[in-house]
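Student: Below you'll find target31.cif; it's mmCIF, C-alpha atoms and all ligand atoms.
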```cif
data_model
#
loop_
_atom_site.label_atom_id
_atom_site.label_comp_id
_atom_site.auth_asym_id
_atom_site.auth_seq_id
_atom_site.Cartn_x
_atom_site.Cartn_y
_atom_site.Cartn_z
CA MET A 5 -23.26 19.68 19.04
CA ARG A 6 -23.62 19.38 15.36
CA THR A 7 -20.88 17.91 13.24
CA SER A 8 -19.24 20.45 11.03
CA LEU A 9 -18.96 19.81 7.35
CA SER A 10 -15.20 19.89 7.51
CA SER A 11 -15.06 17.16 10.13
CA VAL A 12 -17.35 15.01 8.00
CA VAL A 13 -15.10 15.62 5.06
CA SER A 14 -11.97 14.80 7.00
CA LEU A 15 -13.66 11.68 8.38
CA LEU A 16 -14.50 10.59 4.86
CA VAL A 17 -10.97 11.31 3.75
CA ALA A 18 -9.66 9.29 6.68
CA LEU A 19 -11.97 6.39 5.88
CA VAL A 20 -11.17 6.33 2.20
CA PRO A 21 -7.48 7.14 2.00
CA GLN A 22 -7.06 7.30 -1.74
CA SER A 23 -8.06 3.66 -1.86
CA VAL A 24 -10.84 4.40 -4.32
CA SER A 25 -8.31 4.82 -7.03
CA ALA A 26 -5.17 3.42 -5.45
CA ALA A 27 -4.49 0.99 -8.25
CA CYS A 28 -4.72 3.63 -10.98
CA GLU A 29 -4.89 0.71 -13.40
CA CYS A 30 -6.08 2.91 -16.27
CA GLY A 31 -3.68 5.73 -15.63
CA TYR A 32 -3.33 9.19 -14.21
CA SER A 33 -5.42 12.18 -15.09
CA THR A 34 -3.61 15.51 -14.90
CA HIS A 35 -5.34 18.86 -15.01
CA SER A 36 -4.04 21.74 -17.07
CA ILE A 37 -4.42 24.85 -14.97
CA LYS A 38 -3.93 26.93 -18.12
CA SER A 39 -6.51 25.29 -20.39
CA ASN A 40 -8.66 23.57 -17.73
CA GLU A 41 -8.42 20.36 -19.75
CA ASN A 42 -7.37 16.95 -18.53
CA GLU A 43 -4.87 14.54 -20.00
CA VAL A 44 -4.66 10.87 -19.10
CA TYR A 45 -1.23 9.26 -18.91
CA THR A 46 -0.43 5.60 -18.53
CA ASP A 47 2.71 5.69 -16.37
CA VAL A 48 3.96 7.17 -13.13
CA LEU A 49 7.34 7.86 -11.57
CA GLU A 50 7.25 9.38 -8.11
CA THR A 51 10.13 9.73 -5.68
CA ASP A 52 9.66 10.83 -2.09
CA PHE A 53 13.14 12.14 -1.33
CA LEU A 54 11.99 13.25 2.14
CA HIS A 55 11.82 9.58 3.10
CA LEU A 56 14.80 8.21 1.21
CA PRO A 57 17.67 7.56 3.65
CA ASN A 58 20.02 5.98 1.13
CA PHE A 59 20.21 6.82 -2.56
CA SER A 60 21.08 3.21 -3.42
CA GLU A 61 17.73 2.02 -2.12
CA GLN A 62 15.94 3.28 -5.20
CA GLU A 63 16.41 2.39 -8.86
CA ASP A 64 14.51 5.12 -10.65
CA TRP A 65 17.39 7.62 -10.53
CA ASN A 66 21.11 7.32 -11.22
CA ARG A 67 23.82 9.70 -10.13
CA GLN A 68 25.69 10.92 -13.17
CA VAL A 69 29.48 10.94 -13.33
CA TRP A 70 31.11 12.96 -16.07
CA SER A 71 33.29 15.98 -16.50
CA ILE A 72 33.97 18.53 -19.19
CA PRO A 73 36.81 21.05 -19.46
CA PRO A 74 36.16 24.79 -19.46
CA VAL A 75 34.31 26.03 -22.57
CA GLY A 76 33.85 29.56 -23.86
CA THR A 77 34.01 32.17 -21.11
CA ALA A 78 33.86 29.57 -18.32
CA HIS A 79 36.85 29.65 -15.97
CA TRP A 80 36.41 26.05 -14.91
CA GLY A 81 35.10 22.78 -16.16
CA ARG A 82 32.21 20.92 -14.60
CA ASN A 83 32.80 17.75 -12.64
CA MET A 84 29.72 15.68 -11.84
CA THR A 85 30.65 13.33 -9.01
CA LEU A 86 28.91 10.83 -6.72
CA ASP A 87 29.55 12.32 -3.29
CA THR A 88 27.89 15.61 -4.19
CA VAL A 89 24.51 13.83 -4.01
CA GLN A 90 23.54 13.38 -0.35
CA PRO A 91 20.24 12.02 0.97
CA ASN A 92 18.94 13.92 3.98
CA ALA A 93 15.70 12.18 4.90
CA LEU A 94 13.41 13.70 7.49
CA ALA A 95 14.64 12.90 10.98
CA GLY A 96 11.13 12.19 12.24
CA ASP A 97 8.16 11.03 10.29
CA VAL A 98 7.36 14.67 9.85
CA GLY A 99 9.88 17.16 11.16
CA THR A 100 11.57 20.31 10.08
CA ALA A 101 15.10 18.98 9.72
CA GLY A 102 16.76 16.12 7.91
CA VAL A 103 18.84 13.48 9.69
CA ASN A 104 21.99 15.44 8.87
CA GLY A 105 20.38 18.67 10.03
CA GLY A 106 19.16 21.43 7.78
CA ASP A 107 16.69 21.26 4.95
CA PRO A 108 15.33 17.78 4.38
CA GLY A 109 15.36 16.05 1.02
CA LEU A 110 18.00 15.01 -1.47
CA GLN A 111 20.82 17.51 -1.23
CA MET A 112 22.60 18.21 -4.50
CA TYR A 113 25.85 20.07 -3.94
CA VAL A 114 28.17 22.38 -5.78
CA ARG A 115 31.41 22.50 -3.82
CA GLY A 116 32.58 25.94 -2.74
CA GLY A 117 35.98 27.59 -3.01
CA VAL A 118 38.70 27.08 -5.58
CA PRO A 119 38.35 23.57 -7.09
CA GLU A 120 41.24 21.14 -6.71
CA GLY A 121 40.81 19.78 -10.22
CA GLU A 122 39.94 21.38 -13.50
CA GLY A 123 36.20 21.14 -12.86
CA VAL A 124 33.91 22.44 -10.12
CA PRO A 125 32.51 19.44 -8.19
CA SER A 126 28.84 19.43 -9.12
CA SER A 127 25.89 17.05 -9.00
CA GLU A 128 23.47 15.44 -11.40
CA ILE A 129 20.86 12.72 -11.23
CA ALA A 130 18.88 11.33 -14.16
CA THR A 131 16.06 8.84 -14.51
CA ALA A 132 16.94 5.34 -15.63
CA ARG A 133 13.92 5.56 -17.89
CA ARG A 134 14.49 7.23 -21.25
CA ASP A 135 11.11 6.23 -22.68
CA ILE A 136 9.10 9.19 -21.42
CA LEU A 137 6.98 10.77 -24.16
CA TYR A 138 4.64 13.60 -23.08
CA GLY A 139 3.40 14.10 -19.55
CA SER A 140 3.29 16.34 -16.53
CA PHE A 141 6.50 16.71 -14.51
CA ARG A 142 6.88 18.27 -11.09
CA VAL A 143 9.67 18.80 -8.59
CA GLY A 144 9.43 20.06 -5.01
CA MET A 145 12.66 21.83 -4.20
CA LYS A 146 14.44 24.58 -2.33
CA TYR A 147 17.27 26.18 -4.24
CA THR A 148 20.53 27.53 -2.84
CA GLY A 149 21.13 31.15 -1.86
CA GLU A 150 24.90 30.88 -2.38
CA ASN A 151 25.90 33.09 -5.27
CA GLY A 152 27.48 31.30 -8.21
CA THR A 153 25.51 28.20 -9.20
CA CYS A 154 23.11 27.06 -11.89
CA GLY A 155 20.49 24.44 -11.16
CA ALA A 156 18.01 22.77 -13.45
CA PHE A 157 15.07 20.39 -13.62
CA PHE A 158 14.64 19.20 -17.17
CA PHE A 159 13.45 16.73 -19.73
CA TYR A 160 16.28 15.60 -22.02
CA TRP A 161 16.80 13.49 -25.08
CA ASP A 162 19.47 15.46 -26.90
CA ASP A 163 20.45 19.09 -27.34
CA THR A 164 17.48 19.68 -29.66
CA GLN A 165 14.89 17.87 -27.53
CA GLU A 166 14.98 19.43 -24.11
CA ILE A 167 12.66 21.31 -21.73
CA ASP A 168 14.31 23.17 -18.84
CA VAL A 169 13.52 25.09 -15.71
CA GLU A 170 16.78 26.76 -14.68
CA PHE A 171 17.91 28.63 -11.58
CA LEU A 172 20.77 31.10 -11.19
CA SER A 173 21.57 32.08 -7.63
CA LYS A 174 23.40 35.20 -8.81
CA LEU A 175 20.00 36.71 -9.65
CA TYR A 176 18.78 36.63 -6.05
CA THR A 177 19.25 40.29 -5.23
CA ASN A 178 15.66 41.16 -4.28
CA PRO A 179 14.11 39.44 -1.23
CA ASN A 180 10.62 39.55 -2.70
CA LYS A 181 11.00 38.17 -6.19
CA SER A 182 13.33 36.45 -8.62
CA ASP A 183 13.64 35.19 -12.15
CA LEU A 184 13.31 31.62 -13.30
CA LEU A 185 14.86 30.79 -16.65
CA LEU A 186 12.49 28.76 -18.80
CA VAL A 187 14.34 27.27 -21.73
CA ILE A 188 13.47 24.89 -24.56
CA HIS A 189 16.19 23.44 -26.77
CA ALA A 190 14.97 22.75 -30.28
CA PRO A 191 16.35 22.22 -33.77
CA SER A 192 18.01 25.36 -35.11
CA ASP A 193 15.12 26.39 -37.36
CA VAL A 194 13.38 27.78 -34.27
CA PRO A 195 15.09 31.02 -33.12
CA THR A 196 16.48 30.62 -29.60
CA SER A 197 15.00 34.01 -28.68
CA GLU A 198 11.57 32.36 -28.86
CA LEU A 199 12.66 29.51 -26.64
CA PHE A 200 14.27 31.37 -23.79
CA ARG A 201 12.00 33.07 -21.28
CA PRO A 202 13.24 34.63 -18.04
CA THR A 203 10.09 34.79 -15.93
CA THR A 204 9.64 36.69 -12.70
CA VAL A 205 8.03 34.93 -9.75
CA ASP A 206 7.01 36.65 -6.53
CA PHE A 207 9.16 34.48 -4.29
CA ARG A 208 12.77 33.53 -3.74
CA PRO A 209 13.55 29.91 -4.71
CA ASP A 210 16.17 29.79 -1.95
CA PHE A 211 13.81 30.88 0.85
CA GLY A 212 11.61 27.80 0.76
CA TYR A 213 10.34 24.77 -1.14
CA HIS A 214 8.32 25.38 -4.26
CA GLU A 215 6.88 23.17 -6.93
CA TYR A 216 8.19 23.71 -10.45
CA ARG A 217 6.14 21.99 -13.09
CA PHE A 218 6.06 21.60 -16.83
CA ASP A 219 3.40 19.87 -18.86
CA TRP A 220 4.47 18.55 -22.24
CA THR A 221 1.87 17.61 -24.83
CA PRO A 222 2.36 17.09 -28.58
CA LYS A 223 1.41 20.74 -29.13
CA THR A 224 2.58 22.66 -26.08
CA VAL A 225 5.04 23.03 -23.25
CA THR A 226 3.39 24.77 -20.28
CA TYR A 227 5.27 25.93 -17.20
CA TYR A 228 3.98 26.54 -13.68
CA ALA A 229 5.37 27.42 -10.24
CA ASP A 230 3.20 26.44 -7.27
CA GLY A 231 0.38 25.98 -9.76
CA LYS A 232 0.66 29.52 -11.12
CA PHE A 233 0.91 29.66 -14.89
CA LEU A 234 4.26 31.03 -16.10
CA TRP A 235 4.66 30.43 -19.82
CA GLU A 236 3.40 28.28 -22.64
CA SER A 237 5.33 27.58 -25.81
CA THR A 238 3.97 26.02 -28.97
CA ARG A 239 7.40 26.32 -30.61
CA GLY A 240 10.21 23.85 -30.16
CA VAL A 241 8.01 21.19 -28.53
CA PRO A 242 10.09 17.99 -28.28
CA THR A 243 8.86 15.00 -30.26
CA HIS A 244 11.29 12.35 -29.02
CA ALA A 245 11.02 10.30 -25.85
CA GLY A 246 13.69 10.87 -23.21
CA GLY A 247 14.30 11.12 -19.48
CA LEU A 248 14.31 13.56 -16.60
CA THR A 249 17.39 15.15 -15.06
CA LEU A 250 18.14 17.35 -12.08
CA ASN A 251 21.48 19.05 -11.79
CA HIS A 252 23.35 21.72 -9.86
CA TRP A 253 26.66 23.04 -11.12
CA SER A 254 29.06 25.90 -11.61
CA ASN A 255 31.80 26.61 -14.11
CA GLY A 256 32.66 30.17 -13.17
CA ASP A 257 31.19 31.59 -16.36
CA PRO A 258 30.45 35.26 -15.62
CA GLY A 259 27.78 35.20 -18.35
CA TRP A 260 25.82 32.41 -16.70
CA SER A 261 26.50 30.39 -13.54
CA ASN A 262 29.12 32.72 -12.08
CA GLY A 263 30.96 31.16 -9.14
CA PRO A 264 32.19 28.78 -7.96
CA PRO A 265 30.28 29.63 -4.79
CA ALA A 266 32.30 30.76 -1.79
CA LYS A 267 30.86 27.93 0.32
CA ASP A 268 29.40 24.52 -0.44
CA ALA A 269 25.97 25.17 -1.93
CA HIS A 270 23.13 22.72 -2.09
CA MET A 271 19.63 22.52 -3.42
CA SER A 272 17.18 20.23 -1.58
CA ILE A 273 14.73 18.06 -3.48
CA SER A 274 11.65 16.98 -1.56
CA TYR A 275 9.96 15.05 -4.37
CA VAL A 276 9.66 14.41 -8.07
CA LYS A 277 6.32 13.39 -9.55
CA ALA A 278 5.93 12.46 -13.19
CA TYR A 279 2.84 11.22 -15.04
CA PHE A 280 3.54 10.32 -18.63
CA ASN A 281 3.14 8.16 -21.68
CA THR A 282 5.87 5.85 -22.75
CA THR A 283 7.47 4.39 -25.85
CA SER A 284 8.36 1.24 -23.92
CA GLU A 285 6.55 -1.75 -25.43
CA ALA A 286 6.72 -3.55 -22.10
CA SER A 287 5.12 -0.64 -20.26
CA ASN A 288 2.41 -0.24 -22.86
CA ALA A 289 1.68 -3.97 -22.77
CA ASN A 290 1.50 -3.72 -18.98
CA TYR A 291 -1.02 -0.90 -19.28
CA GLN A 292 -3.11 -2.83 -21.78
CA SER A 293 -3.26 -5.84 -19.50
CA ARG A 294 -4.00 -3.99 -16.27
CA CYS A 295 -6.56 -1.52 -17.64
CA ARG A 296 -9.55 -3.76 -18.20
CA ASP A 297 -12.38 -1.27 -18.04
CA LEU A 298 -11.71 2.34 -18.89
CA SER A 299 -15.33 3.25 -18.25
CA LYS A 300 -15.07 2.58 -14.51
CA PRO A 301 -14.37 5.97 -12.96
CA ASP A 302 -12.16 4.60 -10.20
CA THR A 303 -9.62 3.13 -12.56
CA ILE A 304 -8.10 6.49 -13.45
CA CYS A 305 -6.43 8.40 -10.62
CA LYS A 306 -6.87 12.12 -10.50
CA VAL A 307 -3.57 13.92 -9.98
CA PRO A 308 -4.10 16.94 -7.75
CA ASP A 309 -2.69 20.34 -8.67
CA GLN A 310 -0.16 21.73 -6.20
CA THR A 311 -1.29 25.34 -5.92
CA SER A 312 0.75 26.46 -2.91
CA PRO A 313 4.38 25.99 -1.89
CA PRO A 314 4.76 22.29 -0.92
CA ASP A 315 5.55 22.25 2.79
CA PRO A 316 7.96 19.41 3.63
CA ASN A 317 6.24 19.19 7.02
CA GLN A 318 2.95 18.23 5.46
CA SER A 319 2.22 15.11 3.52
CA THR A 320 1.81 15.27 -0.21
CA THR A 321 -0.18 12.97 -2.47
CA PHE A 322 1.63 10.09 -4.10
CA LEU A 323 -0.35 7.84 -6.43
CA SER A 324 2.27 5.28 -7.40
CA PRO A 325 1.97 1.74 -5.99
CA ASN A 326 4.80 2.41 -3.53
CA GLN A 327 3.70 5.95 -2.64
CA GLY A 328 6.96 7.42 -3.85
CA LYS A 329 9.03 4.91 -1.81
CA PRO A 330 11.49 2.48 -3.37
CA ALA A 331 9.89 -0.66 -4.74
CA GLN A 332 10.39 -3.57 -2.35
CA ASP A 333 9.30 -6.66 -4.23
CA SER A 334 7.98 -5.23 -7.45
CA PRO A 335 10.08 -5.72 -10.57
CA PRO A 336 12.45 -2.95 -11.65
CA PRO A 337 11.14 -0.42 -14.17
CA PRO A 338 11.06 -1.64 -17.75
CA LYS A 339 14.17 -1.06 -19.74
CA PRO A 340 13.75 1.52 -22.48
CA ALA A 341 13.82 0.45 -26.08
CA ASP A 342 16.34 3.15 -26.92
CA PRO A 343 19.85 3.15 -25.49
CA ALA A 344 20.36 5.68 -22.73
CA PRO A 345 22.19 8.72 -24.02
CA PRO A 346 24.46 10.85 -21.90
CA ALA A 347 22.68 13.60 -20.02
CA PRO A 348 25.18 16.42 -20.07
CA GLY A 349 22.59 19.21 -20.38
CA PRO A 350 21.41 21.72 -20.01
CA VAL A 351 23.59 23.49 -22.46
CA ASP A 352 24.71 26.92 -21.36
CA VAL A 353 22.37 29.27 -23.08
CA THR A 354 23.49 32.82 -23.17
CA PRO A 355 20.44 34.73 -22.10
CA PRO A 356 19.82 37.59 -24.50
CA ALA A 357 17.82 39.45 -21.88
CA LEU A 358 20.56 39.16 -19.28
CA ASP A 359 23.73 39.49 -21.25
CA PRO A 360 23.28 40.50 -24.87
CA GLU A 361 27.03 40.82 -25.47
CA ALA A 362 28.18 37.39 -24.46
CA PRO A 363 28.79 34.85 -27.21
CA ALA A 364 26.78 31.65 -27.21
CA VAL A 365 28.62 28.96 -25.34
CA PRO A 366 28.95 25.70 -27.21
CA GLY A 367 27.09 22.80 -25.71
CA SER A 368 28.60 19.94 -23.83
CA LYS A 369 28.06 17.39 -26.55
CA ASN A 370 30.04 14.21 -26.93
CA VAL A 371 30.15 13.54 -23.22
CA THR A 372 29.32 10.14 -21.90
CA THR A 373 27.96 9.31 -18.51
CA ASP A 374 31.08 7.40 -17.59
CA GLY A 375 33.10 10.57 -17.88
CA SER A 376 34.84 9.96 -21.17
CA CYS A 377 34.52 12.45 -24.00
CA GLY A 378 33.68 10.93 -27.34
C1 LIG B 1 23.37 2.45 1.14
O1 LIG B 1 22.97 1.21 0.60
C2 LIG B 1 24.00 0.51 -0.08
C3 LIG B 1 23.39 -0.69 -0.80
O2 LIG B 1 22.53 -1.37 0.05
C4 LIG B 1 25.09 0.14 0.93
O3 LIG B 1 26.14 -0.53 0.27
C5 LIG B 1 25.60 1.42 1.57
O4 LIG B 1 26.54 1.11 2.58
C6 LIG B 1 24.48 2.24 2.16
N1 LIG B 1 25.01 3.54 2.57
C7 LIG B 1 24.82 4.02 3.79
C8 LIG B 1 25.40 5.38 4.05
O5 LIG B 1 24.18 3.44 4.65
C1 LIG B 2 36.43 15.24 -10.43
O1 LIG B 2 36.25 14.84 -9.09
C2 LIG B 2 36.89 13.61 -8.80
C3 LIG B 2 36.44 13.15 -7.43
O2 LIG B 2 36.57 14.16 -6.50
C4 LIG B 2 38.40 13.81 -8.93
O3 LIG B 2 39.05 12.61 -8.65
C5 LIG B 2 38.71 14.27 -10.35
O4 LIG B 2 40.07 14.57 -10.47
C6 LIG B 2 37.90 15.49 -10.72
N1 LIG B 2 38.07 15.78 -12.14
C7 LIG B 2 38.17 17.04 -12.60
C8 LIG B 2 38.32 17.15 -14.09
O5 LIG B 2 38.14 18.03 -11.91
C1 LIG B 3 26.69 37.49 -7.42
O1 LIG B 3 27.97 37.87 -7.84
C2 LIG B 3 27.97 38.61 -9.04
C3 LIG B 3 29.42 38.84 -9.42
O2 LIG B 3 30.15 39.33 -8.37
C4 LIG B 3 27.21 39.91 -8.83
O3 LIG B 3 27.14 40.63 -10.05
C5 LIG B 3 25.78 39.57 -8.40
O4 LIG B 3 25.04 40.74 -8.12
C6 LIG B 3 25.83 38.71 -7.15
N1 LIG B 3 24.49 38.31 -6.82
C7 LIG B 3 24.05 38.32 -5.58
C8 LIG B 3 22.69 37.81 -5.37
O5 LIG B 3 24.72 38.73 -4.65
C1 LIG B 4 10.13 43.63 -0.08
O1 LIG B 4 8.85 43.61 0.53
C2 LIG B 4 8.82 44.28 1.80
C3 LIG B 4 7.46 44.00 2.41
O2 LIG B 4 6.47 44.30 1.51
C4 LIG B 4 9.10 45.74 1.56
O3 LIG B 4 9.10 46.44 2.80
C5 LIG B 4 10.48 45.89 0.90
O4 LIG B 4 10.72 47.26 0.58
C6 LIG B 4 10.57 45.06 -0.37
N1 LIG B 4 11.95 45.08 -0.85
C7 LIG B 4 12.27 45.32 -2.12
C8 LIG B 4 13.73 45.35 -2.44
O5 LIG B 4 11.45 45.50 -3.01
#
```
Translate this file's structure into structure tokens.
Ligand SMILES: *[C@@H]1O[C@H](CO)[C@@H](O)[C@H](O)[C@H]1NC(C)=O
Ligand SMILES: *[C@@H]1O[C@H](CO)[C@@H](O)[C@H](O)[C@H]1NC(C)=O
Ligand SMILES: *[C@@H]1O[C@H](CO)[C@@H](O)[C@H](O)[C@H]1NC(C)=O
Ligand SMILES: *[C@@H]1O[C@H](CO)[C@@H](O)[C@H](O)[C@H]1NC(C)=O
Tutor:
Amino acid sequence: MRTSLSSVVSLLVALVPQSVSAACECGYSTHSIKSNENEVYTDVLETDFLHLPNFSEQEDWNRQVWSIPPVGTAHWGRNMTLDTVQPNALAGDVGTAGVNGGDPGLQMYVRGGVPEGEGVPSSEIATARRDILYGSFRVGMKYTGENGTCGAFFFYWDDTQEIDVEFLSKLYTNPNKSDLLLVIHAPSDVPTSELFRPTTVDFRPDFGYHEYRFDWTPKTVTYYADGKFLWESTRGVPTHAGGLTLNHWSNGDPGWSNGPPAKDAHMSISYVKAYFNTTSEASNANYQSRCRDLSKPDTICKVPDQTSPPDPNQSTTFLSPNQGKPAQDSPPPPKPADPAPPAPGPVDVTPPALDPEAPAVPGSKNVTTDGSCG
């Protein structure tokens, strides 16, 4: 019986499990599906939330605690708390459910029903690192189907340096398609109409896990879902280093989040993968010292494109030294040169396409991560 090509290939894959380039000492090469060009980045931040039983075991992400009162047409404030962020690691090595049952991954909740306090209990996590400058950023996640929440995966420095993918469960009226809200926040000389792009995808974010990705270069911001090109903007491209945030919230604003949801609503994060350059001197010095020979092909790891919905029951490629798991003995990530700002975003943007009448809602500025308003 002759050996099929695919079994030879899988044998080779089994024999050389990413070890060719496991060190990635000269960085990570990402492929632009839009332009077919590659970019090489020095740093990596990957989190495998499917295998994270306890949030405290990792140091790359912090749960954010802050609250703001109702603004504009919102009926409620927003109250980012700790217990709304719940790990739900896979029960088996690979299995359909998490240890707490249901969708595996980090569950980020918006509490349902009438809130006890002024704000709707909501959830937010942000990277400790605020030194991220250009890169390719991906999240595997399943959104909620409970009407009345807004969720977002975004890059943030301040309200003029921000790249968002936003989700509104109130839009999920058609089982076959939905809109994602792609939003860039830039200085006011760029009209917001050019920076806000509702984009239809042929799936429902709450029916399964999908990968949402944005690539940020000095000239462009390019969005993808499951590797399908969605939108590219050359306007409003951030120029300042910052961090990544995921959040899920409601404030009852009929022009945006709606809600609060009738029942507790959660989105489930299976992974975050980020390949980027950094403004951290320590990280750049680390790169200089570990990348001895750029000409050796094995020193740069090739980051694969995710071109189908990422199935939590199948393994996904991690290239970081710990394969997306918390670092055991390695030193904590370098501290950024800049002080960490609050991450209150994304600002409510009143979508012209969805609600042309509603006034713009002022942003949640002057909020600190410890919950005080400055
Ligand atoms: C998670 O880890 C922290 C720190 O090690 C520990 O204090 C806490 O009890 C753990 N939580 C659970 C639910 O095991
Ligand atoms: C936010 O939630 C915390 C914890 O549940 C609660 O103690 C606090 O009163 C809430 N704040 C607001 C403004 O709703
Ligand atoms: C969510 O509720 C709003 C307000 O009641 C309604 O307009 C919208 O159609 C609902 N969306 C879904 C998906 O049911
Ligand atoms: C969704 O797709 C199914 C299968 O193609 C079709 O039968 C149904 O009419 C579609 N529903 C809507 C609301 O477009």
Student: How close does segment 177-261 of chain A get to segment 51-72 of chain A? List, as a tab-separated table, each residue of segment 177-261 of chain A within 12 Å, its nearest atom pair and the distance in Å to one decimal, counting only C-alpha atoms.
Tutor:
```
residue	atom	partner	partner_atom	distance
A:Gly247	CA	A:Trp65	CA	10.1
A:Leu248	CA	A:Trp65	CA	9.0
A:Thr249	CA	A:Trp65	CA	8.8
A:Leu250	CA	A:Arg67	CA	9.7
A:Asn251	CA	A:Gln68	CA	9.3
A:His252	CA	A:Gln68	CA	11.5
A:Trp253	CA	A:Ser71	CA	11.1
A:Ser254	CA	A:Ile72	CA	11.7
A:Asn255	CA	A:Ile72	CA	9.8
```
Student: Output as JSON lines one row per residue of segment 77-148 of chain A within 8 Å of segment 158-182 of chain A: the closest atom pair and its distance in Å to one decimal place, counting only C-alpha atoms, sorted by chain and residue number ascending.
Tutor:
```
{"residue": "A:Arg134", "atom": "CA", "partner": "A:Trp161", "partner_atom": "CA", "distance": 7.7}
{"residue": "A:Tyr147", "atom": "CA", "partner": "A:Phe171", "partner_atom": "CA", "distance": 7.8}
{"residue": "A:Thr148", "atom": "CA", "partner": "A:Ser173", "partner_atom": "CA", "distance": 6.7}
```
Student: Using all atoms listed in the file, can you list as a list in words the residues within 6 Å of (-7.0, 0.1, -13.7)?
Tutor: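 Protein, DNA and RNA residues close to (-7.0, 0.1, -13.7): Cys28, Glu29, Cys30, Arg294, Cys295 and Thr303 of chain A.
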Student: Using C-alpha atoms, can you write the selected residues to a file as a compact mmCIF listing (two decimals), in the frame of the given file?
Tutor:
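The resulting part_31.txt:
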```txt
# COMPACT_ATOMS: atom_id res chain seq x y z
CA CYS A 28 -4.72 3.63 -10.98
CA GLU A 29 -4.89 0.71 -13.40
CA CYS A 30 -6.08 2.91 -16.27
CA ARG A 294 -4.00 -3.99 -16.27
CA CYS A 295 -6.56 -1.52 -17.64
CA THR A 303 -9.62 3.13 -12.56
```
Student: Skip Arg217 of chain A itself and residues of its chain fewer than 4 positions away, then list as a count of residues only all residues within 7 Å of it, counting only C-alpha atoms.
Tutor: 6
Student: In Å, how far is it from atom CA of His79 of chain A to atom CA of Asp257 of chain A?
Tutor: 6.0 Å
Student: With all atoms listed in the file as the atoms that count, which of A:Val75, A:Ile188, A:Val205, A:Ala93 lies nearest to Pro316 of chain A?
Tutor: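 The shortest atom-to-atom distance to Pro316 of chain A comes from A:Ala93.
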Student: Determine, counting all atoms listed in the file, which protein, DNA and RNA residues have an atom within 8 Å of an atom of Gln90 of chain A; residues of the same chain fewer than 4 positions away are not included. Present the result as a PyMOL selection string.
Tutor: chain A and resi 59+110-113
Student: Show which residues sit within 8 Å of segment 263-268 of chain A, as number ranges by chain. Count all atoms listed in the file, and ignore same-chain residues fewer than 2 positions away.
Tutor: A: 113-118, 124, 150-153, 254-258, 261, 270
Student: What's the separation between atom CA of Asp315 of chain A and atom CA of His214 of chain A, in Å to one decimal place?
Tutor: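 Between these atoms lies a distance of 8.2 Å.
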Student: Using Å and a single decimal, report how far atom CA of Pro308 of chain A sits from atom CA of Glu43 of chain A.
Tutor: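 One can read the atom CA of Glu43 of chain A to atom CA of Pro308 of chain A distance as 12.5 Å.
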Student: Tell me, as number ranges by chain, which residues lie within 6 Å of segment 277-281 of chain A, counting all atoms listed in the file; anything in the same chain fewer than 5 positions away does not count.
Tutor: A: 45-50, 137-142
Student: Enumerate residues in contact with ligand LIG 2 (chain B): an atom-to-atom distance of at most 7 Å, counting only C-alpha atoms and all ligand atoms. Format the result as a ChimeraX atom specification.
Tutor: /A:71-73,81,83-85,120-125
Student: Write out as a list in words each polymer residue whose atoms come within 8 Å of segment 191-203 of chain A, counting all atoms listed in the file; drop sequence neighbours fewer than 3 positions from it.
Tutor: Thr164, Gln165, Asp183, Leu184, Leu185, Leu186, Val187, Ile188, Leu234, Trp235, Ser237, Arg239, Gly240, Pro355, Pro356 and Ala357 of chain A
Student: Hey, which of A:Asn104, A:Ser272, A:Ser126, A:Thr283 ends up closest to ligand LIG 1 (chain B)? Count all atoms listed in the file.
Tutor: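 Ranking A:Asn104, A:Ser272, A:Ser126, A:Thr283 by distance to ligand LIG 1 (chain B), first place goes to A:Asn104.
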Student: Measuring between all atoms listed in the file, which one of A:Ser284, A:Asp219, A:Arg208, A:Ala269 shows the shortest distance to ligand LIG 4 (chain B)?
Tutor: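 So, comparing all the options, the nearest one is A:Arg208.
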Student: Using all atoms listed in the file for the distances, tell me which of A:Asp210, A:Ala289, A:Glu236, A:Thr320 is nearest to ligand LIG 3 (chain B).
Tutor: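 Smallest separation from ligand LIG 3 (chain B) among the options: A:Asp210.
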Student: Rank A:Pro313, A:Pro301, A:Gly155, A:Pro119 by their smallest atom-to-atom distance to Glu215 of chain A, using all atoms listed in the file, and report the top residue only.
Tutor: A:Pro313
Student: At most 12 Å from (2.7, 16.0, 4.8), file frame, only C-alpha atoms: which residues, as a ChimeraX atom specification?
Tutor: /A:52,54-55,94,96-100,274-275,314-322
Student: Go through A:Leu323, A:Ser36, A:Val89, A:Trp80 one by one, measure the shortest atom-to-atom distance of each to ligand LIG 1 (chain B) using all atoms listed in the file, and give the residue with the smallest value.
Tutor: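 Among the listed residues, the smallest separation from ligand LIG 1 (chain B) belongs to A:Val89.
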